[in-house]
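With mmCIF, C-alpha atoms inside, this is query_38.cif:
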```
data_upload
loop_
_atom_site.label_atom_id
_atom_site.label_comp_id
_atom_site.auth_asym_id
_atom_site.auth_seq_id
_atom_site.Cartn_x
_atom_site.Cartn_y
_atom_site.Cartn_z
CA MET A 189 -55.38 10.97 -6.78
CA ASN A 190 -54.93 9.12 -10.02
CA ARG A 191 -52.80 6.47 -11.67
CA ILE A 192 -49.76 8.70 -12.06
CA VAL A 193 -49.80 9.56 -8.39
CA LEU A 194 -49.99 5.88 -7.54
CA VAL A 195 -47.10 5.14 -9.87
CA LYS A 196 -45.18 7.95 -8.25
CA LEU A 197 -45.78 6.66 -4.76
CA LEU A 198 -44.94 3.13 -5.80
CA ALA A 199 -41.68 4.15 -7.48
CA THR A 200 -40.77 6.19 -4.43
CA ALA A 201 -41.52 3.31 -2.11
CA VAL A 202 -39.45 0.88 -4.18
CA LEU A 203 -36.54 3.30 -4.39
CA LEU A 204 -36.49 3.93 -0.66
CA LEU A 205 -36.92 0.24 0.11
CA LEU A 206 -34.00 -0.76 -2.11
CA PHE A 207 -31.65 1.76 -0.56
CA TRP A 208 -32.92 1.03 2.92
CA LEU A 209 -32.30 -2.68 2.45
CA GLY A 210 -28.83 -2.00 1.12
CA LEU A 211 -27.85 0.34 3.92
CA ARG A 212 -29.86 -1.22 6.77
CA ARG A 213 -26.91 -3.15 8.10
CA ALA A 214 -24.14 -1.05 6.66
CA SER A 215 -20.81 -2.41 7.71
CA LEU A 216 -17.19 -1.92 6.79
CA VAL A 217 -17.14 -5.18 4.87
CA PRO A 218 -20.17 -4.77 2.60
CA GLY A 219 -22.62 -7.51 1.83
CA ARG A 220 -24.08 -8.02 -1.61
CA GLY A 221 -26.93 -5.51 -1.22
CA GLN A 222 -24.74 -2.92 0.41
CA ASN A 223 -22.21 -3.34 -2.37
CA ILE A 224 -24.78 -2.53 -5.03
CA VAL A 225 -26.00 0.52 -3.13
CA GLU A 226 -22.42 1.64 -2.59
CA VAL A 227 -21.64 1.29 -6.27
CA ALA A 228 -24.73 3.36 -7.11
CA LEU A 229 -23.97 6.09 -4.60
CA GLY A 230 -20.29 5.88 -5.49
CA PHE A 231 -21.23 6.58 -9.09
CA VAL A 232 -23.01 9.79 -8.09
CA LYS A 233 -20.18 10.69 -5.76
CA THR A 234 -17.43 10.33 -8.36
CA GLN A 235 -19.37 11.46 -11.45
CA PHE A 236 -20.96 14.58 -10.00
CA ALA A 237 -19.70 15.45 -6.55
CA ASP A 238 -15.99 14.70 -6.87
CA GLU A 239 -15.59 15.27 -10.58
CA VAL A 240 -17.46 18.54 -10.93
CA LEU A 241 -17.36 20.04 -7.47
CA GLY A 242 -14.23 18.50 -5.99
CA GLU A 243 -14.08 16.34 -2.90
CA LYS A 244 -14.53 19.03 -0.29
CA ILE A 245 -17.51 20.94 -1.65
CA GLY A 246 -18.85 17.84 -3.39
CA ARG A 247 -19.24 16.14 -0.05
CA ARG A 248 -21.58 18.89 1.14
CA TYR A 249 -23.86 18.69 -1.89
CA LEU A 250 -23.74 14.95 -2.41
CA PRO A 251 -27.10 14.35 -0.59
CA VAL A 252 -28.89 16.75 -2.94
CA LEU A 253 -27.24 15.31 -6.02
CA ALA A 254 -27.89 11.74 -4.95
CA SER A 255 -31.56 12.31 -4.18
CA MET A 256 -31.88 14.12 -7.49
CA PHE A 257 -30.25 11.42 -9.57
CA PHE A 258 -31.98 8.45 -7.99
CA GLY A 259 -35.31 10.22 -7.56
CA ILE A 260 -35.46 11.27 -11.21
CA LEU A 261 -34.18 7.90 -12.35
CA ALA A 262 -36.78 6.02 -10.31
CA LEU A 263 -39.59 8.23 -11.58
CA ASN A 264 -38.30 8.00 -15.17
CA ILE A 265 -37.93 4.27 -15.28
CA THR A 266 -41.61 3.61 -14.56
CA GLY A 267 -42.29 4.79 -18.11
CA ILE A 268 -41.10 1.44 -19.48
CA ILE A 269 -42.18 -0.85 -16.66
CA PRO A 270 -45.20 -2.91 -17.71
CA LEU A 271 -48.43 -2.08 -15.86
CA LEU A 272 -47.02 1.27 -14.78
CA ASN A 273 -46.25 2.52 -18.28
CA ILE A 274 -46.05 6.17 -17.35
CA SER A 275 -43.30 8.33 -15.98
CA PRO A 276 -44.44 10.77 -13.30
CA ASN A 277 -41.82 13.09 -14.72
CA ALA A 278 -44.07 13.50 -17.75
CA ILE A 279 -46.16 15.77 -15.50
CA PHE A 280 -44.42 19.13 -15.30
CA ILE A 281 -44.77 19.55 -11.56
CA THR A 282 -42.57 16.57 -10.67
CA PRO A 283 -39.45 17.66 -12.55
CA PHE A 284 -40.20 21.20 -11.54
CA LEU A 285 -39.85 20.28 -7.88
CA PHE A 286 -36.44 18.81 -8.60
CA ALA A 287 -35.61 21.94 -10.60
CA ILE A 288 -36.63 24.11 -7.64
CA LEU A 289 -34.35 21.97 -5.47
CA ALA A 290 -31.50 22.58 -7.92
CA TYR A 291 -32.30 26.31 -8.03
CA VAL A 292 -32.37 26.67 -4.26
CA THR A 293 -29.24 24.58 -3.94
CA PHE A 294 -27.06 26.53 -6.34
CA ILE A 295 -28.17 29.87 -4.91
CA TYR A 296 -27.63 28.57 -1.38
CA ALA A 297 -24.21 27.27 -2.42
CA GLY A 298 -23.29 30.67 -3.82
CA PHE A 299 -24.41 32.45 -0.66
CA LYS A 300 -22.66 30.02 1.62
CA GLU A 301 -19.37 29.39 -0.17
CA VAL A 302 -18.51 32.82 -1.59
CA GLY A 303 -21.09 35.15 -0.01
CA PRO A 304 -24.12 36.85 -1.61
CA GLY A 305 -22.25 39.87 -2.94
CA LYS A 306 -19.56 37.89 -4.68
CA PHE A 307 -22.10 35.34 -5.90
CA PHE A 308 -24.21 37.98 -7.62
CA LYS A 309 -21.16 39.78 -8.94
CA ASN A 310 -19.70 36.57 -10.38
CA SER A 311 -23.07 35.61 -11.82
CA LEU A 312 -24.20 38.91 -13.28
CA PHE A 313 -20.91 40.71 -13.88
CA PRO A 314 -18.46 38.03 -14.97
CA SER A 315 -14.89 39.29 -15.00
CA GLY A 316 -12.79 39.63 -18.13
CA VAL A 317 -15.50 41.44 -20.05
CA PRO A 318 -15.27 45.08 -21.23
CA ALA A 319 -17.58 47.24 -19.14
CA PRO A 320 -20.07 48.26 -21.91
CA ILE A 321 -20.83 44.62 -22.64
CA TYR A 322 -22.44 44.39 -19.21
CA ILE A 323 -25.36 46.39 -20.57
CA ILE A 324 -26.48 43.39 -22.56
CA LEU A 325 -24.64 40.64 -20.69
CA THR A 326 -26.08 41.32 -17.27
CA PRO A 327 -29.77 41.10 -18.24
CA ILE A 328 -29.04 37.97 -20.24
CA GLU A 329 -27.24 36.39 -17.34
CA LEU A 330 -30.01 37.46 -14.99
CA ILE A 331 -32.64 35.76 -17.12
CA ASN A 332 -30.40 32.81 -17.84
CA ILE A 333 -29.35 32.02 -14.31
CA PHE A 334 -32.42 32.91 -12.31
CA LEU A 335 -35.18 32.07 -14.75
CA VAL A 336 -34.05 29.87 -17.59
CA ARG A 337 -31.99 27.46 -15.57
CA PRO A 338 -34.76 25.96 -13.42
CA LEU A 339 -37.30 26.08 -16.22
CA SER A 340 -35.00 24.48 -18.74
CA LEU A 341 -34.10 21.74 -16.29
CA ALA A 342 -37.76 20.96 -15.61
CA LEU A 343 -38.91 21.32 -19.22
CA ARG A 344 -36.11 19.23 -20.67
CA LEU A 345 -37.00 16.36 -18.42
CA THR A 346 -40.77 16.73 -18.79
CA LEU A 347 -40.68 16.91 -22.56
CA ASN A 348 -38.32 13.95 -22.82
CA MET A 349 -40.68 11.88 -20.77
CA ILE A 350 -43.79 13.10 -22.61
CA VAL A 351 -42.25 12.36 -25.99
CA GLY A 352 -40.98 8.99 -24.86
CA HIS A 353 -44.40 8.12 -23.57
CA LEU A 354 -46.04 9.29 -26.79
CA LEU A 355 -43.67 7.21 -28.90
CA LEU A 356 -44.36 4.10 -26.88
CA VAL A 357 -48.10 4.70 -26.86
CA LEU A 358 -47.99 5.24 -30.60
CA CYS A 359 -46.00 2.08 -31.27
CA PHE A 360 -47.92 -0.20 -28.97
CA GLY A 361 -51.28 1.35 -29.83
CA ALA A 362 -50.61 0.87 -33.53
CA THR A 363 -49.42 -2.68 -32.95
CA HIS A 364 -52.62 -3.41 -31.04
CA PHE A 365 -54.72 -1.91 -33.80
CA PHE A 366 -52.93 -3.71 -36.63
CA PHE A 367 -52.92 -7.10 -34.97
CA LEU A 368 -56.47 -7.08 -33.68
CA GLN A 369 -58.50 -4.75 -35.86
CA ALA A 370 -56.78 -4.47 -39.25
CA ASP A 371 -57.89 -6.68 -42.13
CA GLY A 372 -55.81 -9.18 -44.08
CA LEU A 373 -52.28 -8.18 -44.97
CA ASP A 374 -52.61 -4.95 -43.02
CA LYS A 375 -52.01 -7.06 -39.92
CA LEU A 376 -48.37 -7.34 -41.05
CA PHE A 377 -47.91 -3.64 -40.33
CA GLY A 378 -48.10 -4.67 -36.71
CA ILE A 379 -44.66 -6.31 -36.94
CA PRO A 380 -42.62 -3.15 -37.62
CA THR A 381 -44.61 -1.20 -35.06
CA LEU A 382 -44.00 -3.89 -32.45
CA ILE A 383 -40.27 -3.89 -33.26
CA GLY A 384 -40.39 -0.10 -33.09
CA GLY A 385 -42.02 -0.38 -29.66
CA ILE A 386 -39.30 -2.71 -28.42
CA VAL A 387 -36.56 -0.49 -29.78
CA PHE A 388 -38.14 2.60 -28.24
CA THR A 389 -38.54 0.80 -24.94
CA LEU A 390 -34.78 0.22 -24.90
CA PHE A 391 -34.29 3.77 -26.07
CA GLU A 392 -36.47 5.02 -23.23
CA LEU A 393 -34.35 3.04 -20.79
CA LEU A 394 -31.35 4.96 -22.10
CA VAL A 395 -33.26 8.24 -21.96
CA ALA A 396 -34.42 7.58 -18.40
CA VAL A 397 -30.82 7.14 -17.23
CA LEU A 398 -29.46 9.86 -19.47
CA GLN A 399 -31.98 12.49 -18.37
CA ALA A 400 -31.36 11.75 -14.71
CA TYR A 401 -27.65 12.02 -15.48
CA VAL A 402 -28.01 15.29 -17.40
CA PHE A 403 -30.27 16.85 -14.79
CA THR A 404 -27.86 16.01 -11.99
CA LEU A 405 -24.77 16.95 -13.98
CA LEU A 406 -26.24 20.35 -14.85
CA THR A 407 -27.18 20.95 -11.23
CA ALA A 408 -23.64 20.06 -10.20
CA ALA A 409 -22.29 22.41 -12.84
CA TYR A 410 -24.57 25.24 -11.62
CA ILE A 411 -23.40 24.68 -8.06
CA GLU A 412 -19.82 24.68 -9.27
CA GLN A 413 -20.34 28.02 -11.04
CA SER A 414 -21.89 29.47 -7.91
CA VAL A 415 -19.06 28.45 -5.59
CA SER A 416 -16.12 29.23 -7.87
CA GLU A 417 -14.20 32.38 -7.06
CA GLU A 418 -13.99 33.54 -10.66
CA HIS A 419 -15.50 32.33 -13.87
CA MET B 971 -54.99 10.49 -22.79
CA PRO B 972 -52.79 9.57 -19.89
CA ILE B 973 -50.36 12.43 -20.39
CA THR B 974 -52.81 15.19 -19.51
CA VAL B 975 -54.95 14.01 -16.72
CA LEU B 976 -57.55 16.68 -16.25
CA ALA B 977 -59.16 17.46 -12.95
CA GLU B 978 -62.69 16.09 -12.92
CA GLY B 979 -62.53 15.87 -16.72
CA GLU B 980 -62.85 19.63 -17.11
CA ALA B 981 -60.72 21.36 -19.70
CA PRO B 982 -58.59 24.07 -18.05
CA GLU B 983 -58.80 27.56 -19.47
CA GLY B 984 -56.36 30.47 -19.78
CA ILE B 985 -53.32 30.28 -17.51
CA GLY B 986 -54.79 27.15 -15.99
CA ILE B 987 -53.43 25.21 -18.98
CA PHE B 988 -49.92 25.79 -17.68
CA LEU B 989 -50.54 25.38 -13.99
CA PRO B 990 -50.48 21.89 -12.54
CA ALA B 991 -53.60 20.76 -10.78
CA ILE B 992 -53.58 21.14 -7.02
CA TYR B 993 -53.61 17.42 -6.41
CA ASP B 994 -50.61 17.07 -8.72
CA ILE B 995 -48.66 19.58 -6.69
CA VAL B 996 -49.64 17.98 -3.41
CA TRP B 997 -49.03 14.42 -4.49
CA SER B 998 -45.79 15.33 -6.22
CA LEU B 999 -44.50 16.94 -3.08
CA VAL B 1000 -44.97 13.78 -1.03
CA PRO B 1001 -42.66 11.47 -3.04
CA PHE B 1002 -40.30 14.34 -3.71
CA LEU B 1003 -39.90 15.17 -0.04
CA LEU B 1004 -39.68 11.51 0.84
CA ILE B 1005 -36.92 10.93 -1.68
CA VAL B 1006 -34.94 14.04 -0.80
CA GLY B 1007 -35.38 13.49 2.92
CA PHE B 1008 -34.40 9.87 2.64
CA PHE B 1009 -31.22 10.62 0.75
CA VAL B 1010 -30.29 13.70 2.74
CA PHE B 1011 -30.91 12.28 6.18
CA TYR B 1012 -30.40 8.55 5.73
CA ALA B 1013 -28.79 7.13 2.62
CA VAL B 1014 -25.97 9.55 1.88
CA PRO B 1015 -24.90 10.12 5.52
CA ARG B 1016 -24.75 6.37 6.05
CA PHE B 1017 -22.87 5.95 2.80
CA THR B 1018 -20.30 8.64 3.55
CA LYS B 1019 -19.95 7.41 7.11
CA ILE B 1020 -19.17 3.93 5.90
CA LEU B 1021 -16.72 5.28 3.35
CA ASP B 1022 -14.97 7.33 6.01
CA GLN B 1023 -14.86 4.44 8.41
CA ARG B 1024 -13.47 2.18 5.74
CA ARG B 1025 -10.86 4.74 4.83
CA ASN B 1026 -9.91 5.12 8.46
CA VAL B 1027 -9.63 1.37 8.85
CA ILE B 1028 -7.49 1.09 5.75
CA GLU B 1029 -5.35 4.06 6.71
CA GLY B 1030 -5.04 2.68 10.23
CA GLY B 1031 -4.08 -0.67 8.79
CA ILE B 1032 -1.48 0.90 6.58
CA GLU B 1033 -0.14 2.93 9.46
CA ARG B 1034 0.03 -0.12 11.67
CA ALA B 1035 1.79 -2.05 8.95
CA GLU B 1036 4.27 0.79 8.52
CA ASN B 1037 4.90 0.91 12.24
CA ALA B 1038 5.38 -2.83 12.37
CA GLN B 1039 7.78 -2.63 9.47
CA ALA B 1040 9.75 0.17 11.09
CA GLU B 1041 9.87 -1.84 14.31
CA ALA B 1042 11.04 -4.92 12.46
CA GLN B 1043 13.69 -2.86 10.66
CA LYS B 1044 14.88 -1.48 13.98
CA GLN B 1045 15.15 -4.95 15.44
CA LEU B 1046 16.95 -6.19 12.37
CA ASP B 1047 19.46 -3.36 12.69
CA GLU B 1048 19.88 -4.18 16.36
CA TYR B 1049 20.45 -7.85 15.57
CA ASN B 1050 22.94 -6.97 12.87
CA ARG B 1051 24.76 -4.68 15.25
CA LEU B 1052 24.89 -7.36 17.94
CA LEU B 1053 26.01 -9.91 15.38
CA ALA B 1054 28.80 -7.64 14.18
CA GLU B 1055 29.86 -7.04 17.76
CA ALA B 1056 29.85 -10.74 18.48
CA ARG B 1057 31.89 -11.39 15.36
CA GLN B 1058 34.40 -8.75 16.34
CA GLU B 1059 34.61 -10.16 19.84
CA ALA B 1060 35.08 -13.68 18.53
CA ALA B 1061 37.82 -12.47 16.22
CA GLY B 1062 39.49 -10.72 19.13
CA ILE B 1063 39.30 -13.81 21.29
CA ARG B 1064 40.68 -15.94 18.49
CA GLU B 1065 43.56 -13.55 17.93
CA GLN B 1066 44.34 -13.49 21.64
CA ALA B 1067 44.22 -17.28 21.81
CA ARG B 1068 46.55 -17.52 18.86
CA GLN B 1069 48.99 -15.13 20.46
CA GLU B 1070 48.83 -16.97 23.75
CA GLY B 1071 49.33 -20.28 21.98
CA ALA B 1072 52.36 -18.92 20.20
CA LYS B 1073 53.73 -17.61 23.47
CA ILE B 1074 53.17 -20.91 25.24
CA LEU B 1075 54.80 -22.73 22.35
CA ALA B 1076 57.81 -20.45 22.49
CA GLU B 1077 58.09 -20.91 26.24
CA LEU B 1078 57.87 -24.67 25.93
CA LYS B 1079 60.51 -24.63 23.22
CA GLU B 1080 62.80 -22.56 25.38
CA GLN B 1081 62.22 -24.83 28.34
CA ALA B 1082 62.93 -27.88 26.26
CA ASN B 1083 66.07 -26.31 24.89
CA ALA B 1084 67.21 -25.42 28.39
CA GLU B 1085 66.46 -28.92 29.60
CA ALA B 1086 68.34 -30.42 26.70
CA ALA B 1087 71.27 -28.15 27.34
CA ARG B 1088 71.23 -29.04 31.01
CA ILE B 1089 71.11 -32.75 30.26
CA THR B 1090 73.92 -32.43 27.76
CA ALA B 1091 75.98 -30.48 30.23
CA ASN B 1092 75.36 -33.07 32.92
CA ALA B 1093 76.28 -35.83 30.57
CA HIS B 1094 79.48 -34.03 29.59
CA ALA B 1095 80.37 -33.48 33.22
CA GLN B 1096 79.71 -37.11 34.07
CA ILE B 1097 81.68 -38.35 31.12
CA GLU B 1098 84.54 -36.06 32.08
CA ALA B 1099 84.39 -37.26 35.68
CA GLU B 1100 84.34 -40.89 34.61
CA ARG B 1101 87.17 -40.27 32.23
CA GLN B 1102 89.16 -38.65 34.98
CA ALA B 1103 88.36 -41.55 37.26
CA ALA B 1104 89.30 -44.10 34.58
CA LEU B 1105 92.44 -42.17 33.78
CA HIS B 1106 93.39 -42.05 37.38
CA SER B 1107 92.89 -45.75 38.06
CA LEU B 1108 94.49 -46.64 34.73
CA ARG B 1109 97.40 -44.46 35.56
CA GLY B 1110 97.93 -46.29 38.89
CA GLU B 1111 97.53 -49.72 37.38
CA VAL B 1112 99.61 -49.00 34.30
CA GLY B 1113 102.30 -47.49 36.56
CA SER B 1114 102.66 -50.49 38.83
CA LEU B 1115 102.40 -52.90 35.92
CA ALA B 1116 105.07 -51.10 33.97
CA ILE B 1117 107.35 -50.98 36.93
CA GLN B 1118 106.90 -54.65 37.57
CA LEU B 1119 107.59 -55.31 33.92
CA ALA B 1120 110.53 -53.02 33.85
CA GLY B 1121 111.83 -54.53 37.08
CA GLY B 1122 111.59 -57.94 35.49
CA VAL B 1123 113.38 -56.68 32.36
CA ILE B 1124 116.22 -54.95 34.03
CA GLY B 1125 116.42 -57.51 36.71
CA GLU B 1126 116.32 -55.33 39.63
CA SER B 1127 113.53 -54.22 41.79
CA LEU B 1128 112.60 -50.71 41.39
CA THR B 1129 111.88 -50.40 44.96
CA ASP B 1130 112.79 -46.85 45.23
CA ASP B 1131 109.32 -45.50 45.28
CA ARG B 1132 110.16 -41.94 44.58
CA ARG B 1133 112.21 -42.68 41.55
CA SER B 1134 109.76 -45.16 40.11
CA THR B 1135 106.88 -42.78 40.53
CA ALA B 1136 108.82 -40.03 38.77
CA LEU B 1137 109.63 -42.42 35.98
CA VAL B 1138 106.07 -43.47 35.52
CA ASP B 1139 104.87 -39.88 35.58
CA ARG B 1140 107.32 -38.84 32.96
CA PHE B 1141 106.34 -41.73 30.78
CA LEU B 1142 102.71 -40.93 31.11
CA ALA B 1143 103.27 -37.28 30.41
CA ASP B 1144 105.10 -38.25 27.28
CA LEU B 1145 102.30 -40.52 26.36
CA GLU B 1146 99.70 -37.79 26.83
CA ALA B 1147 101.75 -35.34 24.89
CA SER B 1148 102.05 -37.76 22.01
CA GLU B 1149 98.32 -38.41 22.11
CA ALA B 1150 97.59 -34.73 22.00
CA ALA B 1151 99.95 -34.31 19.11
CA SER B 1152 98.37 -37.16 17.17
CA ALA B 1153 94.93 -35.68 17.86
CA THR B 1154 96.06 -32.44 16.15
CA GLY B 1155 97.22 -34.71 13.31
CA GLY B 1156 101.00 -34.16 13.08
CA SER B 1157 103.23 -37.00 11.90
CA VAL B 1158 106.00 -35.40 13.80
CA ALA B 1159 104.03 -35.93 16.96
CA VAL B 1160 103.52 -39.54 16.02
CA GLN B 1161 107.22 -39.93 15.44
CA ARG B 1162 107.89 -38.15 18.65
CA GLY B 1163 105.53 -40.50 20.41
CA LYS B 1164 107.20 -43.47 18.85
CA ALA B 1165 110.54 -42.13 19.74
CA GLY B 1166 109.29 -41.52 23.27
CA ILE B 1167 108.24 -45.11 23.64
#
```

Could you render the structure as structure tokens?
Amino acid sequence: MNRIVLVKLLATAVLLLLFWLGLRRASLVPGRGQNIVEVALGFVKTQFADEVLGEKIGRRYLPVLASMFFGILALNITGIIPLLNISPNAIFITPFLFAILAYVTFIYAGFKEVGPGKFFKNSLFPSGVPAPIYIILTPIELINIFLVRPLSLALRLTLNMIVGHLLLVLCFGATHFFFLQADGLDKLFGIPTLIGGIVFTLFELLVAVLQAYVFTLLTAAYIEQSVSEEH
Amino acid sequence: MPITVLAEGEAPEGIGIFLPAIYDIVWSLVPFLLIVGFFVFYAVPRFTKILDQRRNVIEGGIERAENAQAEAQKQLDEYNRLLAEARQEAAGIREQARQEGAKILAELKEQANAEAARITANAHAQIEAERQAALHSLRGEVGSLAIQLAGGVIGESLTDDRRSTALVDRFLADLEASEAASATGGSVAVQRGKAGI
């Protein structure tokens, strides 16, 4: 138990509370809260489920994609919220759990939609390739799909959050140092670092949304590859 | 450093550098499972249910509207049909009335003509009868008057009834003949009449 765990629990609680409030009295004619929640879920539905997977299959995997997008987003955004100031996704295990979810989901999708045999054949022996190429292609695909995919998902997110956190710590730490401990004109160095901190805070807001988006989009794309007949 | 929280402050060694601490795994699983469970079992099902319901309502509304429109169209067609029938019937009735009117008019005209002809004929007959009557009485009066006059002129009484009557008749016949001749316009007849007198 430490601060990051507390932040994680808090972010989770807030996320669930917001969606619960929005959907508590879900009705055909939405109220204000329900409208916001519907817009948010509608975004995931159109951007990932419908766009990448199509309406029919997208509907089946929408719960996974939605929990992924909003879970990652909620745990990312704490990195720029004052007093929290850390993203739980900067600890490898948190993104890795989402990556495992993505991994399990796209393999499950392949098994369920096209069957295990066809899934492995499509994945490891893609059609339209001369037979000898399989000697190098199949091991690459094996490593790529079943090893690199989950790790890259988790690492991309973790490193983004770590770097973002480092940048902010650097900017605000330097500002603190220059303003309070530096002598004379050196204090002025605090101004650019403070501006840098503000800019990187906004940048981290973008990164928080973008990484959640990328993570979910890639998962959707992996599911799509698994369920397609040929690729 | 907040980014690498170490368990109990001990530096991990070997593979331990890459493995998350046990408490990290445990406490990461809790929010993770909460989030996934919440979205899988609560948020998304509710969301899709609402979307489906709304779509059904809208589709139902559209269907109802289409039905209502079709019904209205049917009724409109029916009304138009009835209206056309009524118009046709009215036209028929009007035509019939016109024909009947014309017939009645023609009948009335004929009747009037007949009546007029009858009246004219009656009048002619009456006039003829009156003329005959006048002629007759005139003939008697003129006859006796002429005989009296002639008796006075010739100085003798024309008492012989048979002869006087014959004389009067001849005179009258002459007179009539001369009248008829003058009616046809011949001067000869006039002269003859004069000569007859």

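Residue nearest chain B, chosen from A:Gly384, A:Gly219, A:Gly316, A:Gly210 and counting all atoms listed in the file: A:Gly210.
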
Closest atom pairs, chain A residues within 9 Å of chain B, only C-alpha atoms, as JSON lines:
```
{"residue": "A:Met189", "atom": "CA", "partner": "B:Tyr993", "partner_atom": "CA", "distance": 6.7}
{"residue": "A:Asn190", "atom": "CA", "partner": "B:Val975", "partner_atom": "CA", "distance": 8.3}
{"residue": "A:Arg191", "atom": "CA", "partner": "B:Pro972", "partner_atom": "CA", "distance": 8.8}
{"residue": "A:Ile192", "atom": "CA", "partner": "B:Pro972", "partner_atom": "CA", "distance": 8.4}
{"residue": "A:Val193", "atom": "CA", "partner": "B:Trp997", "partner_atom": "CA", "distance": 6.3}
{"residue": "A:Lys196", "atom": "CA", "partner": "B:Pro1001", "partner_atom": "CA", "distance": 6.8}
{"residue": "A:Leu197", "atom": "CA", "partner": "B:Pro1001", "partner_atom": "CA", "distance": 6.0}
{"residue": "A:Ala199", "atom": "CA", "partner": "B:Pro1001", "partner_atom": "CA", "distance": 8.6}
{"residue": "A:Thr200", "atom": "CA", "partner": "B:Pro1001", "partner_atom": "CA", "distance": 5.8}
{"residue": "A:Ala201", "atom": "CA", "partner": "B:Pro1001", "partner_atom": "CA", "distance": 8.3}
{"residue": "A:Leu203", "atom": "CA", "partner": "B:Ile1005", "partner_atom": "CA", "distance": 8.1}
{"residue": "A:Leu204", "atom": "CA", "partner": "B:Ile1005", "partner_atom": "CA", "distance": 7.1}
{"residue": "A:Phe207", "atom": "CA", "partner": "B:Ala1013", "partner_atom": "CA", "distance": 6.9}
{"residue": "A:Trp208", "atom": "CA", "partner": "B:Ala1013", "partner_atom": "CA", "distance": 7.4}
{"residue": "A:Leu211", "atom": "CA", "partner": "B:Ala1013", "partner_atom": "CA", "distance": 7.0}
{"residue": "A:Ala214", "atom": "CA", "partner": "B:Ile1020", "partner_atom": "CA", "distance": 7.1}
{"residue": "A:Ser215", "atom": "CA", "partner": "B:Ile1020", "partner_atom": "CA", "distance": 6.8}
{"residue": "A:Leu216", "atom": "CA", "partner": "B:Arg1024", "partner_atom": "CA", "distance": 5.6}
{"residue": "A:Val217", "atom": "CA", "partner": "B:Arg1024", "partner_atom": "CA", "distance": 8.3}
{"residue": "A:Val225", "atom": "CA", "partner": "B:Phe1017", "partner_atom": "CA", "distance": 8.6}
{"residue": "A:Glu226", "atom": "CA", "partner": "B:Phe1017", "partner_atom": "CA", "distance": 6.9}
{"residue": "A:Leu229", "atom": "CA", "partner": "B:Phe1017", "partner_atom": "CA", "distance": 7.5}
{"residue": "A:Gly230", "atom": "CA", "partner": "B:Phe1017", "partner_atom": "CA", "distance": 8.7}
{"residue": "A:Arg247", "atom": "CA", "partner": "B:Thr1018", "partner_atom": "CA", "distance": 8.4}
{"residue": "A:Leu250", "atom": "CA", "partner": "B:Val1014", "partner_atom": "CA", "distance": 7.2}
{"residue": "A:Pro251", "atom": "CA", "partner": "B:Val1010", "partner_atom": "CA", "distance": 4.7}
{"residue": "A:Val252", "atom": "CA", "partner": "B:Val1010", "partner_atom": "CA", "distance": 6.6}
{"residue": "A:Ala254", "atom": "CA", "partner": "B:Phe1009", "partner_atom": "CA", "distance": 6.7}
{"residue": "A:Ser255", "atom": "CA", "partner": "B:Val1006", "partner_atom": "CA", "distance": 5.1}
{"residue": "A:Met256", "atom": "CA", "partner": "B:Val1006", "partner_atom": "CA", "distance": 7.4}
{"residue": "A:Phe258", "atom": "CA", "partner": "B:Ile1005", "partner_atom": "CA", "distance": 8.4}
{"residue": "A:Gly259", "atom": "CA", "partner": "B:Ile1005", "partner_atom": "CA", "distance": 6.1}
{"residue": "A:Ile274", "atom": "CA", "partner": "B:Pro972", "partner_atom": "CA", "distance": 8.0}
{"residue": "A:Pro276", "atom": "CA", "partner": "B:Ser998", "partner_atom": "CA", "distance": 8.5}
{"residue": "A:Ala278", "atom": "CA", "partner": "B:Ile973", "partner_atom": "CA", "distance": 6.9}
{"residue": "A:Ile279", "atom": "CA", "partner": "B:Ile973", "partner_atom": "CA", "distance": 7.3}
{"residue": "A:Phe280", "atom": "CA", "partner": "B:Pro990", "partner_atom": "CA", "distance": 7.2}
{"residue": "A:Ile281", "atom": "CA", "partner": "B:Ile995", "partner_atom": "CA", "distance": 6.2}
{"residue": "A:Thr282", "atom": "CA", "partner": "B:Ser998", "partner_atom": "CA", "distance": 5.6}
{"residue": "A:Leu285", "atom": "CA", "partner": "B:Phe1002", "partner_atom": "CA", "distance": 7.3}
{"residue": "A:Phe286", "atom": "CA", "partner": "B:Phe1002", "partner_atom": "CA", "distance": 7.7}
{"residue": "A:Ile350", "atom": "CA", "partner": "B:Ile973", "partner_atom": "CA", "distance": 7.0}
{"residue": "A:His353", "atom": "CA", "partner": "B:Ile973", "partner_atom": "CA", "distance": 8.0}
{"residue": "A:Leu354", "atom": "CA", "partner": "B:Ile973", "partner_atom": "CA", "distance": 8.3}
```

Quiz item: Which residues come within 12 Å of Ser414 (chain A), counting all atoms listed in the file, excluding same-chain residues fewer than 6 positions away, as a PyMOL selection string?
Solution: chain A and resi 241+245+290-312+314+333-334+407-408

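Across the structure, CA of Leu1142 (chain B) and CA of Glu1100 (chain B) are spaced 18.7 Å apart.
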
Exercise on region 248-257 of chain A, axis-aligned box with 6 Å per side, report centre and edge lengths in Å to one decimal, as AutoDock Vina command-line options:
```
--center_x -26.7 --center_y 15.2 --center_z -4.2 --size_x 22.3 --size_y 19.5 --size_z 22.7
```
